[in-house]
file entry05.txt (compact mmCIF, C-alpha atoms (C1' of nucleotides) and all ligand atoms)
# COMPACT_ATOMS: atom_id res chain seq x y z
CA MET A 241 34.69 -16.80 -16.64
CA ALA A 242 35.09 -14.05 -14.20
CA GLN A 243 31.83 -13.38 -12.54
CA PRO A 244 31.14 -9.65 -12.91
CA HIS A 245 31.21 -7.43 -9.87
CA GLU A 246 27.79 -6.16 -8.75
CA LEU A 247 28.79 -2.61 -9.62
CA ARG A 248 30.37 -3.46 -12.94
CA GLU A 249 27.43 -5.52 -14.08
CA ARG A 250 25.27 -2.46 -13.64
CA GLY A 251 27.50 -0.42 -15.87
CA LEU A 252 29.27 1.41 -13.09
CA ARG A 253 32.97 1.88 -12.67
CA LEU A 254 34.55 0.27 -9.72
CA THR A 255 36.17 2.87 -7.52
CA PRO A 256 37.19 2.44 -3.91
CA GLN A 257 34.94 5.31 -2.90
CA ARG A 258 31.93 3.79 -4.58
CA GLU A 259 32.47 0.38 -3.07
CA LEU A 260 32.98 1.86 0.36
CA VAL A 261 29.85 3.98 0.14
CA LEU A 262 27.82 0.92 -0.75
CA ALA A 263 29.41 -1.06 2.06
CA ALA A 264 28.69 1.75 4.51
CA VAL A 265 25.04 1.90 3.50
CA ARG A 266 24.81 -1.82 4.14
CA GLU A 267 26.45 -1.65 7.52
CA LEU A 268 24.76 1.42 8.87
CA ASP A 269 21.01 1.37 8.77
CA HIS A 270 19.06 4.40 7.60
CA ALA A 271 22.12 6.56 7.56
CA THR A 272 22.38 10.11 6.30
CA PRO A 273 24.92 11.03 3.60
CA GLU A 274 26.98 12.69 6.32
CA GLU A 275 27.01 9.55 8.48
CA ILE A 276 27.86 7.42 5.48
CA ALA A 277 30.79 9.65 4.54
CA GLU A 278 31.94 9.51 8.16
CA LYS A 279 31.86 5.72 8.09
CA VAL A 280 33.79 5.58 4.83
CA ARG A 281 36.46 7.84 6.33
CA GLN A 282 37.44 5.08 8.72
CA THR A 283 38.93 3.30 5.72
CA HIS A 284 39.38 6.08 3.19
CA PRO A 285 39.96 9.33 5.13
CA GLY A 286 40.12 11.52 2.05
CA ILE A 287 36.60 10.98 0.75
CA ASN A 288 34.73 14.16 0.08
CA LEU A 289 31.15 14.61 1.18
CA SER A 290 30.07 15.48 -2.34
CA THR A 291 31.48 12.18 -3.52
CA ALA A 292 29.24 10.44 -1.01
CA TYR A 293 26.23 12.35 -2.30
CA ARG A 294 27.11 11.59 -5.90
CA ASN A 295 27.60 7.91 -5.27
CA LEU A 296 24.43 7.59 -3.27
CA GLU A 297 22.55 9.07 -6.19
CA THR A 298 24.32 6.77 -8.65
CA LEU A 299 23.73 3.69 -6.51
CA GLU A 300 20.09 4.64 -6.15
CA ASN A 301 19.76 4.99 -9.92
CA VAL A 302 20.89 1.41 -10.44
CA GLY A 303 18.68 0.16 -7.63
CA LEU A 304 21.30 -0.89 -5.10
CA VAL A 305 20.25 1.60 -2.45
CA GLN A 306 17.13 3.59 -1.67
CA HIS A 307 16.32 6.57 0.43
CA SER A 308 13.49 7.27 2.81
CA HIS A 309 12.35 10.20 4.92
CA LEU A 310 12.21 9.52 8.60
CA GLY A 311 11.92 13.05 9.90
CA HIS A 312 11.26 16.60 8.86
CA GLY A 313 14.75 16.95 7.48
CA GLY A 314 16.93 15.19 4.95
CA ALA A 315 16.80 11.68 3.59
CA SER A 316 18.45 8.56 4.92
CA TYR A 317 19.71 5.65 2.89
CA HIS A 318 19.40 1.91 3.19
CA ALA A 319 20.36 -1.06 1.05
CA SER A 320 17.70 -2.31 -1.34
CA GLU A 321 18.03 -5.91 -0.21
CA GLU A 322 17.08 -4.93 3.30
CA VAL A 323 13.67 -6.13 4.48
CA ALA A 324 11.16 -3.32 4.13
CA HIS A 325 9.45 -2.15 7.26
CA LEU A 326 7.44 0.81 8.46
CA HIS A 327 8.90 3.58 10.56
CA LEU A 328 6.69 4.95 13.28
CA VAL A 329 8.00 8.39 14.07
CA CYS A 330 6.73 10.12 17.20
CA GLY A 331 6.32 13.83 16.69
CA THR A 332 6.47 14.43 20.43
CA CYS A 333 9.57 12.58 21.58
CA GLY A 334 11.18 11.93 18.21
CA SER A 335 11.50 8.19 18.70
CA VAL A 336 11.48 5.94 15.63
CA GLY A 337 9.82 2.55 16.01
CA ASP A 338 9.55 -0.24 13.46
CA ALA A 339 6.60 -2.30 12.30
CA PRO A 340 6.30 -4.96 9.58
CA ILE A 341 4.96 -3.68 6.25
CA GLU A 342 2.14 -6.22 6.45
CA VAL A 343 0.41 -3.88 8.87
CA ALA A 344 -0.24 -1.64 5.91
CA SER A 345 -1.29 -4.26 3.38
CA SER A 346 -5.02 -3.58 3.51
CA PHE A 347 -4.32 0.14 3.23
CA VAL A 348 -2.07 -0.45 0.27
CA ASN A 349 -4.63 -2.69 -1.38
CA GLU A 350 -7.40 -0.18 -0.96
CA LEU A 351 -5.34 2.59 -2.55
CA SER A 352 -4.49 0.24 -5.37
CA GLU A 353 -8.08 -0.78 -6.02
CA ASP A 354 -9.73 2.60 -5.54
CA TYR A 355 -7.09 4.85 -7.06
CA GLY A 356 -4.75 2.63 -9.03
CA PHE A 357 -2.02 4.02 -6.80
CA ARG A 358 0.90 1.69 -6.05
CA THR A 359 2.05 2.71 -2.58
CA ASP A 360 5.57 2.48 -1.21
CA VAL A 361 4.70 2.68 2.47
CA SER A 362 8.25 2.80 3.64
CA HIS A 363 9.44 5.80 1.62
CA PHE A 364 7.95 8.28 4.04
CA ALA A 365 7.72 7.56 7.72
CA VAL A 366 4.39 7.05 9.44
CA TYR A 367 3.96 10.05 11.68
CA GLY A 368 2.08 10.25 14.95
CA THR A 369 2.35 9.88 18.70
CA CYS A 370 3.94 6.88 20.35
CA SER A 371 2.23 5.00 23.16
CA THR A 372 4.58 6.43 25.76
CA CYS A 373 3.82 10.00 24.78
CA SER A 374 0.10 9.28 24.46
CA GLN A 375 -0.01 8.11 28.04
CA LYS A 376 1.85 11.11 29.33
CA GLU A 377 -0.73 13.37 27.76
CA LEU A 378 -3.40 11.92 30.04
CA GLU A 379 -1.67 13.06 33.20
CA MET B 257 -17.94 41.83 26.90
CA ALA B 258 -15.71 42.17 23.97
CA GLN B 259 -15.34 38.81 22.38
CA PRO B 260 -11.61 38.11 22.26
CA HIS B 261 -9.90 37.81 18.93
CA GLU B 262 -8.82 34.30 18.00
CA LEU B 263 -5.17 35.31 18.23
CA ARG B 264 -5.53 37.29 21.44
CA GLU B 265 -7.38 34.51 23.21
CA ARG B 266 -4.41 32.28 22.57
CA GLY B 267 -2.06 34.70 24.21
CA LEU B 268 -0.68 36.14 21.00
CA ARG B 269 -0.31 39.77 20.10
CA LEU B 270 -2.34 41.01 17.25
CA THR B 271 -0.12 42.34 14.50
CA PRO B 272 -1.10 42.94 10.92
CA GLN B 273 1.60 40.56 9.75
CA ARG B 274 0.36 37.77 11.98
CA GLU B 275 -3.24 38.16 10.93
CA LEU B 276 -2.28 38.28 7.29
CA VAL B 277 -0.14 35.16 7.55
CA LEU B 278 -3.03 33.29 9.12
CA ALA B 279 -5.41 34.58 6.46
CA ALA B 280 -2.99 33.56 3.72
CA VAL B 281 -2.69 30.03 5.11
CA ARG B 282 -6.46 29.79 5.07
CA GLU B 283 -6.79 31.02 1.53
CA LEU B 284 -3.95 29.14 -0.05
CA ASP B 285 -3.96 25.44 0.45
CA HIS B 286 -0.79 23.59 1.36
CA ALA B 287 1.34 26.62 0.76
CA THR B 288 5.04 26.96 1.44
CA PRO B 289 6.34 29.77 3.66
CA GLU B 290 7.55 31.48 0.52
CA GLU B 291 4.15 31.31 -1.14
CA ILE B 292 2.47 32.53 2.03
CA ALA B 293 4.79 35.51 2.27
CA GLU B 294 4.12 36.24 -1.37
CA LYS B 295 0.39 36.23 -0.74
CA VAL B 296 0.73 38.51 2.26
CA ARG B 297 2.73 40.96 0.15
CA GLN B 298 -0.36 41.70 -1.90
CA THR B 299 -1.67 43.54 1.14
CA HIS B 300 1.44 44.24 3.15
CA PRO B 301 4.35 44.54 0.71
CA GLY B 302 6.97 45.02 3.39
CA ILE B 303 6.63 41.69 5.17
CA ASN B 304 9.90 39.85 5.55
CA LEU B 305 10.21 36.16 4.81
CA SER B 306 11.58 35.50 8.26
CA THR B 307 8.48 37.08 9.75
CA ALA B 308 6.41 34.60 7.80
CA TYR B 309 8.51 31.71 9.13
CA ARG B 310 8.28 33.01 12.69
CA ASN B 311 4.54 33.48 12.55
CA LEU B 312 3.94 30.12 11.00
CA GLU B 313 5.83 28.56 13.86
CA THR B 314 3.94 30.61 16.40
CA LEU B 315 0.56 29.84 14.83
CA GLU B 316 1.44 26.18 14.74
CA ASN B 317 2.36 26.26 18.42
CA VAL B 318 -1.10 27.50 19.34
CA GLY B 319 -2.75 25.01 17.03
CA LEU B 320 -4.17 27.34 14.39
CA VAL B 321 -2.10 25.96 11.55
CA GLN B 322 -0.25 22.73 10.84
CA HIS B 323 2.40 21.66 8.42
CA SER B 324 2.75 18.57 6.32
CA HIS B 325 5.36 17.14 3.97
CA LEU B 326 4.18 16.56 0.45
CA GLY B 327 7.50 16.04 -1.23
CA HIS B 328 11.17 15.47 -0.60
CA GLY B 329 11.64 19.11 0.24
CA GLY B 330 10.27 21.61 2.68
CA ALA B 331 6.99 21.68 4.55
CA SER B 332 3.72 23.22 3.48
CA TYR B 333 1.12 24.74 5.77
CA HIS B 334 -2.62 24.46 6.04
CA ALA B 335 -5.26 25.70 8.47
CA SER B 336 -6.13 23.35 11.31
CA GLU B 337 -9.87 23.58 10.63
CA GLU B 338 -9.38 22.25 7.14
CA VAL B 339 -10.73 18.76 6.46
CA ALA B 340 -7.90 16.25 6.68
CA HIS B 341 -7.17 14.18 3.62
CA LEU B 342 -4.42 11.99 2.29
CA HIS B 343 -1.93 13.13 -0.30
CA LEU B 344 -0.90 10.59 -2.87
CA VAL B 345 2.42 11.72 -4.26
CA CYS B 346 3.72 10.04 -7.39
CA GLY B 347 7.48 9.63 -7.32
CA THR B 348 7.60 9.33 -11.08
CA CYS B 349 5.63 12.28 -12.38
CA GLY B 350 5.40 14.31 -9.17
CA SER B 351 1.63 14.62 -9.23
CA VAL B 352 -0.22 15.01 -5.91
CA GLY B 353 -3.63 13.40 -5.65
CA ASP B 354 -6.07 13.48 -2.75
CA ALA B 355 -7.98 10.75 -0.99
CA PRO B 356 -10.27 10.81 2.05
CA ILE B 357 -8.58 9.85 5.33
CA GLU B 358 -11.13 7.08 5.79
CA VAL B 359 -9.12 5.02 3.31
CA ALA B 360 -6.53 4.71 6.04
CA SER B 361 -8.82 4.02 8.99
CA SER B 362 -8.16 0.29 9.24
CA PHE B 363 -4.42 0.95 8.96
CA VAL B 364 -4.63 3.59 11.68
CA ASN B 365 -6.66 1.27 13.90
CA GLU B 366 -4.22 -1.56 13.51
CA LEU B 367 -1.28 0.62 14.48
CA SER B 368 -3.25 1.85 17.44
CA GLU B 369 -4.19 -1.62 18.66
CA ASP B 370 -0.90 -3.35 17.98
CA TYR B 371 1.53 -0.59 18.86
CA GLY B 372 -0.43 2.03 20.77
CA PHE B 373 0.67 4.44 18.07
CA ARG B 374 -1.73 7.29 17.26
CA THR B 375 -1.14 7.97 13.58
CA ASP B 376 -1.53 11.30 11.82
CA VAL B 377 -1.79 9.96 8.28
CA SER B 378 -1.80 13.34 6.65
CA HIS B 379 1.44 14.70 8.12
CA PHE B 380 3.58 12.89 5.60
CA ALA B 381 2.38 12.25 2.10
CA VAL B 382 1.65 8.72 0.90
CA TYR B 383 4.35 7.97 -1.61
CA GLY B 384 4.15 5.71 -4.61
CA THR B 385 3.31 5.53 -8.30
CA CYS B 386 0.11 6.93 -9.74
CA SER B 387 -2.11 4.92 -12.07
CA THR B 388 -1.02 6.91 -15.09
CA CYS B 389 2.66 6.21 -14.48
CA SER B 390 1.98 2.58 -13.61
CA GLN B 391 0.37 2.05 -16.98
CA LYS B 392 3.18 3.69 -18.87
CA GLU B 393 5.62 1.29 -17.25
CA LEU B 394 3.92 -1.61 -19.00
CA GLU B 395 4.70 -0.34 -22.46
C1' DC C 231 0.11 57.87 28.45
C1' DT C 232 4.15 54.84 29.69
C1' DG C 233 7.09 51.03 29.89
C1' DA C 234 8.19 46.39 29.36
C1' DA C 235 7.57 42.55 26.62
C1' DT C 236 6.83 41.14 22.18
C1' DC C 237 7.44 41.69 17.15
C1' DT C 238 9.41 43.08 12.92
C1' DG C 239 12.81 44.03 9.22
C1' DC C 240 17.29 43.31 7.81
C1' DG C 241 21.40 41.21 7.07
C1' DA C 242 24.33 37.59 8.34
C1' DA C 243 24.84 32.80 9.71
C1' DT C 244 23.76 27.93 9.19
C1' DC C 245 22.83 23.69 7.12
C1' DA C 246 22.09 20.57 3.50
C1' DT C 247 22.77 19.70 -1.13
C1' DT C 248 24.51 20.74 -5.72
C1' DC C 249 27.87 22.56 -9.20
C1' DG C 250 32.03 23.69 -12.02
C1' DC C 251 36.30 22.54 -13.02
C1' DA C 252 40.89 20.71 -13.23
C1' DA C 253 43.41 16.69 -11.97
C1' DG C 254 43.23 11.57 -11.29
C1' DT C 255 41.67 6.84 -12.43
C1' DG C 256 39.35 2.78 -14.56
C1' DG C 257 38.27 0.04 -18.41
C1' DT C 258 39.09 -0.92 -23.17
C1' DC C 259 41.47 -1.50 -27.16
C1' DT C 260 45.88 -2.08 -29.23
C1' DA D 154 52.46 -2.94 -21.14
C1' DG D 155 50.93 1.64 -23.12
C1' DA D 156 47.65 5.05 -24.67
C1' DC D 157 43.26 7.09 -24.69
C1' DC D 158 39.02 8.85 -23.16
C1' DA D 159 35.10 8.80 -20.55
C1' DC D 160 33.96 8.66 -15.95
C1' DT D 161 35.19 10.07 -11.07
C1' DT D 162 36.97 12.59 -7.52
C1' DG D 163 38.40 16.52 -4.48
C1' DC D 164 37.88 21.09 -3.71
C1' DG D 165 35.87 25.28 -3.27
C1' DA D 166 32.11 28.04 -4.51
C1' DA D 167 27.11 28.46 -5.34
C1' DT D 168 22.46 27.48 -4.00
C1' DG D 169 18.27 27.28 -1.54
C1' DA D 170 15.93 26.87 2.64
C1' DT D 171 15.59 28.09 7.26
C1' DT D 172 17.33 30.30 11.44
C1' DC D 173 19.63 33.97 14.23
C1' DG D 174 21.10 38.44 16.31
C1' DC D 175 20.06 42.79 16.99
C1' DA D 176 18.26 47.46 16.97
C1' DG D 177 14.19 49.89 16.23
C1' DA D 178 8.95 49.65 16.11
C1' DT D 179 4.60 48.05 18.03
C1' DT D 180 1.30 46.08 21.19
C1' DC D 181 -1.10 46.13 25.28
C1' DA D 182 -1.45 46.03 30.46
C1' DG D 183 -1.57 49.21 34.03
MN MN E 1 6.85 17.65 9.97
MN MN E 2 12.16 10.84 -1.26
ZN ZN E 3 6.85 9.75 21.67
ZN ZN E 4 2.78 9.62 -11.75
call {"tool": "encode", "arguments": {"input": "entry05.txt", "output": "structure tokens"}}
result
Amino acid sequence: MAQPHELRERGLRLTPQRELVLAAVRELDHATPEEIAEKVRQTHPGINLSTAYRNLETLENVGLVQHSHLGHGGASYHASEEVAHLHLVCGTCGSVGDAPIEVASSFVNELSEDYGFRTDVSHFAVYGTCSTCSQKELE
Amino acid sequence: MAQPHELRERGLRLTPQRELVLAAVRELDHATPEEIAEKVRQTHPGINLSTAYRNLETLENVGLVQHSHLGHGGASYHASEEVAHLHLVCGTCGSVGDAPIEVASSFVNELSEDYGFRTDVSHFAVYGTCSTCSQKELE
DNA sequence: CTGAATCTGCGAATCATTCGCAAGTGGTCT
DNA sequence: AGACCACTTGCGAATGATTCGCAGATTCAG
């Protein structure tokens, strides 16, 4: 018995564009739709940007990819199987650091207990000032 | 000794548009540039949307207003003197709830101690699923 | 009161994302 | 293999949000 393809078993048609978009999301990390389309073009030069957008939305609907917001602008996409982590975005220098989600577990628990709110800490970045920029402020 | 106007003492010229934009930010809470311009039009019908954008940027530069991101889209502005609080945004129903920033204090401390990162927890919303939507999922 | 620097209104330009539609393709059922 | 139809794609246009360029108006120091 042919083992169903991961896209087919979610009710999606298998098109080269769709497979390549998914592969690009997996290779690149936190990539924008534009960057993903650019990556796909290495293999499939004709892909249209709107096809990338449409497939990202479709893939997100079936849970294979997710988006998050790392800056003030548009979203970036990552594969769902990727290990979740926090993004520490510095508003001064723009750097993006990582931290394990465990750092937020007590915060998440408190919101859950006090407000019944189930938090996805990695959907939005954590905004602030990085240590480097904090030190420069003292000068 | 004439006591300098809050805008003048920050090196800004005093224009009716600028004062009205600041007043609108203070009256409305978490308003978009569009909503702020709309509010200003009640008093000064001629104000242009781009003037609202420019003044919001200017007022933010001198620290009188700040912006935050409550959804996937554009920013919203609030007065700096306003009491900071968390925004709990539900990705399912879109509701925006509030919570005191103290809920995040241990999280903020941990990021500070472990990464030297000074977090502004209210710049980005806290994303997740509200209690109402969580319960509906169980059905 | 004057002049230079700063602001404003207006329309056009950008940028990101979404749409409409006609042509192309994938999966299913003979 | 062949036919059919729903799903996809490419393309260009439409949107919506924000930014720019510029010429005329305003603010404020001198
Ligand atoms: Mn921001
Ligand atoms: Mn989002
Ligand atoms: Zn920094
Ligand atoms: Zn909800």
call {"tool": "interface_residues", "arguments": {"input": "entry05.txt", "of": "chain B", "to": "chain C", "cutoff": "9 Å", "atoms": "all atoms listed in the file", "output": "list of chain:residue names"}}
result
B:Arg269, B:Thr271, B:Gln273, B:Gly302, B:Ile303, B:Asn304, B:Ser306, B:Thr307
call {"tool": "atom_distance", "arguments": {"input": "entry05.txt", "atom1": "CA of Ala280 in chain B", "atom2": "CA of Thr369 in chain A"}}
result
28.5 Å
call {"tool": "residues_around", "arguments": {"input": "entry05.txt", "residues": "Phe357 in chain A", "least_positions_apart": "4", "cutoff": "10 Å", "atoms": "only C-alpha atoms (C1' of nucleotides)", "output": "list in words"}}
result
Val348, Asn349, Glu350, Leu351, Ser352 and Glu353 of chain A; Leu344, Val345, Cys346, Gly353, Val382, Tyr383, Gly384, Thr385, Cys386, Ser387, Thr388, Cys389 and Ser390 of chain B
call {"tool": "calpha_fit_and_write", "arguments": {"input": "entry05.txt", "fixed": "chain A", "moving": "chain B", "output": "short mmCIF file (atom, residue, chain, number, x, y, z; two decimals) with C-alpha atoms, keeping the file's coordinate frame"}}
result
data_model
loop_
_atom_site.label_atom_id
_atom_site.label_comp_id
_atom_site.auth_asym_id
_atom_site.auth_seq_id
_atom_site.Cartn_x
_atom_site.Cartn_y
_atom_site.Cartn_z
CA MET B 257 34.24 -16.43 -17.24
CA ALA B 258 34.91 -13.83 -14.70
CA GLN B 259 31.76 -13.19 -12.80
CA PRO B 260 31.08 -9.47 -13.11
CA HIS B 261 31.17 -7.32 -10.04
CA GLU B 262 27.79 -6.06 -8.87
CA LEU B 263 28.77 -2.50 -9.71
CA ARG B 264 30.36 -3.32 -13.05
CA GLU B 265 27.40 -5.35 -14.21
CA ARG B 266 25.26 -2.29 -13.73
CA GLY B 267 27.47 -0.22 -15.95
CA LEU B 268 29.27 1.56 -13.15
CA ARG B 269 32.98 1.99 -12.73
CA LEU B 270 34.55 0.35 -9.79
CA THR B 271 36.19 2.90 -7.54
CA PRO B 272 37.20 2.41 -3.95
CA GLN B 273 34.97 5.28 -2.90
CA ARG B 274 31.94 3.79 -4.60
CA GLU B 275 32.45 0.36 -3.12
CA LEU B 276 32.99 1.81 0.32
CA VAL B 277 29.86 3.94 0.13
CA LEU B 278 27.82 0.90 -0.81
CA ALA B 279 29.41 -1.12 1.99
CA ALA B 280 28.72 1.67 4.47
CA VAL B 281 25.05 1.83 3.47
CA ARG B 282 24.82 -1.89 4.05
CA GLU B 283 26.45 -1.76 7.44
CA LEU B 284 24.77 1.30 8.82
CA ASP B 285 21.03 1.28 8.75
CA HIS B 286 19.09 4.33 7.64
CA ALA B 287 22.17 6.47 7.59
CA THR B 288 22.43 10.04 6.37
CA PRO B 289 24.96 10.98 3.68
CA GLU B 290 27.03 12.58 6.41
CA GLU B 291 27.05 9.44 8.53
CA ILE B 292 27.89 7.32 5.50
CA ALA B 293 30.83 9.54 4.60
CA GLU B 294 31.97 9.36 8.19
CA LYS B 295 31.89 5.58 8.09
CA VAL B 296 33.81 5.47 4.83
CA ARG B 297 36.49 7.70 6.34
CA GLN B 298 37.46 4.91 8.70
CA THR B 299 38.93 3.17 5.68
CA HIS B 300 39.39 5.96 3.19
CA PRO B 301 39.98 9.17 5.16
CA GLY B 302 40.14 11.39 2.11
CA ILE B 303 36.63 10.87 0.79
CA ASN B 304 34.76 14.09 0.18
CA LEU B 305 31.18 14.55 1.29
CA SER B 306 30.12 15.45 -2.22
CA THR B 307 31.52 12.15 -3.44
CA ALA B 308 29.28 10.41 -0.95
CA TYR B 309 26.25 12.35 -2.22
CA ARG B 310 27.13 11.62 -5.84
CA ASN B 311 27.61 7.93 -5.24
CA LEU B 312 24.46 7.60 -3.25
CA GLU B 313 22.58 9.10 -6.14
CA THR B 314 24.32 6.85 -8.62
CA LEU B 315 23.73 3.73 -6.52
CA GLU B 316 20.11 4.67 -6.13
CA ASN B 317 19.76 5.08 -9.89
CA VAL B 318 20.88 1.51 -10.46
CA GLY B 319 18.68 0.23 -7.67
CA LEU B 320 21.30 -0.85 -5.15
CA VAL B 321 20.26 1.61 -2.48
CA GLN B 322 17.14 3.59 -1.66
CA HIS B 323 16.35 6.56 0.48
CA SER B 324 13.53 7.24 2.85
CA HIS B 325 12.38 10.17 4.97
CA LEU B 326 12.22 9.49 8.66
CA GLY B 327 11.90 13.02 9.92
CA HIS B 328 11.26 16.58 8.86
CA GLY B 329 14.77 16.87 7.55
CA GLY B 330 16.97 15.14 5.05
CA ALA B 331 16.83 11.63 3.65
CA SER B 332 18.48 8.52 4.98
CA TYR B 333 19.72 5.60 2.90
CA HIS B 334 19.41 1.87 3.18
CA ALA B 335 20.36 -1.10 1.01
CA SER B 336 17.70 -2.31 -1.39
CA GLU B 337 18.00 -5.93 -0.24
CA GLU B 338 17.09 -4.94 3.28
CA VAL B 339 13.70 -6.13 4.54
CA ALA B 340 11.18 -3.32 4.22
CA HIS B 341 9.48 -2.15 7.37
CA LEU B 342 7.46 0.80 8.56
CA HIS B 343 8.90 3.60 10.63
CA LEU B 344 6.67 5.01 13.31
CA VAL B 345 7.96 8.47 14.09
CA CYS B 346 6.65 10.21 17.19
CA GLY B 347 6.24 13.93 16.65
CA THR B 348 6.38 14.57 20.37
CA CYS B 349 9.46 12.74 21.58
CA GLY B 350 11.10 12.05 18.22
CA SER B 351 11.41 8.32 18.76
CA VAL B 352 11.41 6.02 15.70
CA GLY B 353 9.78 2.64 16.10
CA ASP B 354 9.53 -0.18 13.57
CA ALA B 355 6.61 -2.26 12.41
CA PRO B 356 6.32 -4.95 9.73
CA ILE B 357 4.98 -3.70 6.38
CA GLU B 358 2.18 -6.25 6.60
CA VAL B 359 0.42 -3.89 9.00
CA ALA B 360 -0.21 -1.69 5.99
CA SER B 361 -1.23 -4.35 3.49
CA SER B 362 -4.97 -3.67 3.58
CA PHE B 363 -4.28 0.07 3.26
CA VAL B 364 -1.97 -0.56 0.31
CA ASN B 365 -4.54 -2.83 -1.33
CA GLU B 366 -7.30 -0.32 -0.95
CA LEU B 367 -5.25 2.43 -2.56
CA SER B 368 -4.37 0.05 -5.34
CA GLU B 369 -7.96 -0.99 -6.01
CA ASP B 370 -9.60 2.39 -5.60
CA TYR B 371 -6.96 4.63 -7.11
CA GLY B 372 -4.58 2.39 -9.03
CA PHE B 373 -1.87 3.81 -6.80
CA ARG B 374 1.05 1.50 -6.00
CA THR B 375 2.16 2.57 -2.54
CA ASP B 376 5.67 2.37 -1.14
CA VAL B 377 4.75 2.62 2.54
CA SER B 378 8.30 2.77 3.75
CA HIS B 379 9.48 5.76 1.70
CA PHE B 380 7.97 8.25 4.10
CA ALA B 381 7.74 7.55 7.78
CA VAL B 382 4.38 7.05 9.47
CA TYR B 383 3.92 10.08 11.65
CA GLY B 384 2.03 10.33 14.89
CA THR B 385 2.28 10.00 18.66
CA CYS B 386 3.84 7.00 20.35
CA SER B 387 2.11 5.15 23.18
CA THR B 388 4.44 6.61 25.77
CA CYS B 389 3.67 10.19 24.75
CA SER B 390 -0.04 9.45 24.40
CA GLN B 391 -0.17 8.33 28.00
CA LYS B 392 1.68 11.34 29.29
CA GLU B 393 -0.89 13.58 27.63
CA LEU B 394 -3.57 12.18 29.92
CA GLU B 395 -1.91 13.40 33.07
#
call {"tool": "residues_near_ligand", "arguments": {"input": "entry05.txt", "ligand": "ligand MN 2 (chain E)", "cutoff": "12 Å", "atoms": "only C-alpha atoms (C1' of nucleotides) and all ligand atoms", "output": "JSON, numbers by chain"}}
result
{"A": [297, 300, 306, 307, 308, 309, 310, 311, 312, 313, 314, 315, 316, 317, 360, 361, 362, 363, 364, 365], "B": [325, 326, 327, 328, 329, 330, 345, 346, 347, 348, 350, 380, 381, 382, 383, 384]}
call {"tool": "atom_distance", "arguments": {"input": "entry05.txt", "atom1": "C1' of DT179 in chain D", "atom2": "CA of Leu270 in chain B"}}
result
9.9 Å
call {"tool": "atom_distance", "arguments": {"input": "entry05.txt", "atom1": "CA of Leu247 in chain A", "atom2": "CA of Val280 in chain A"}}
result
17.3 Å
call {"tool": "interface_residues", "arguments": {"input": "entry05.txt", "of": "chain D", "to": "chain B", "cutoff": "12 Å", "atoms": "only C-alpha atoms (C1' of nucleotides)", "output": "ChimeraX atom specification"}}
result
/D:169-173,178-181
call {"tool": "residues_around", "arguments": {"input": "entry05.txt", "residues": "Ala292 in chain A", "least_positions_apart": "4", "cutoff": "7 Å", "atoms": "all atoms listed in the file", "output": "PyMOL selection string"}}
result
chain A and resi 261+273+277+288+296
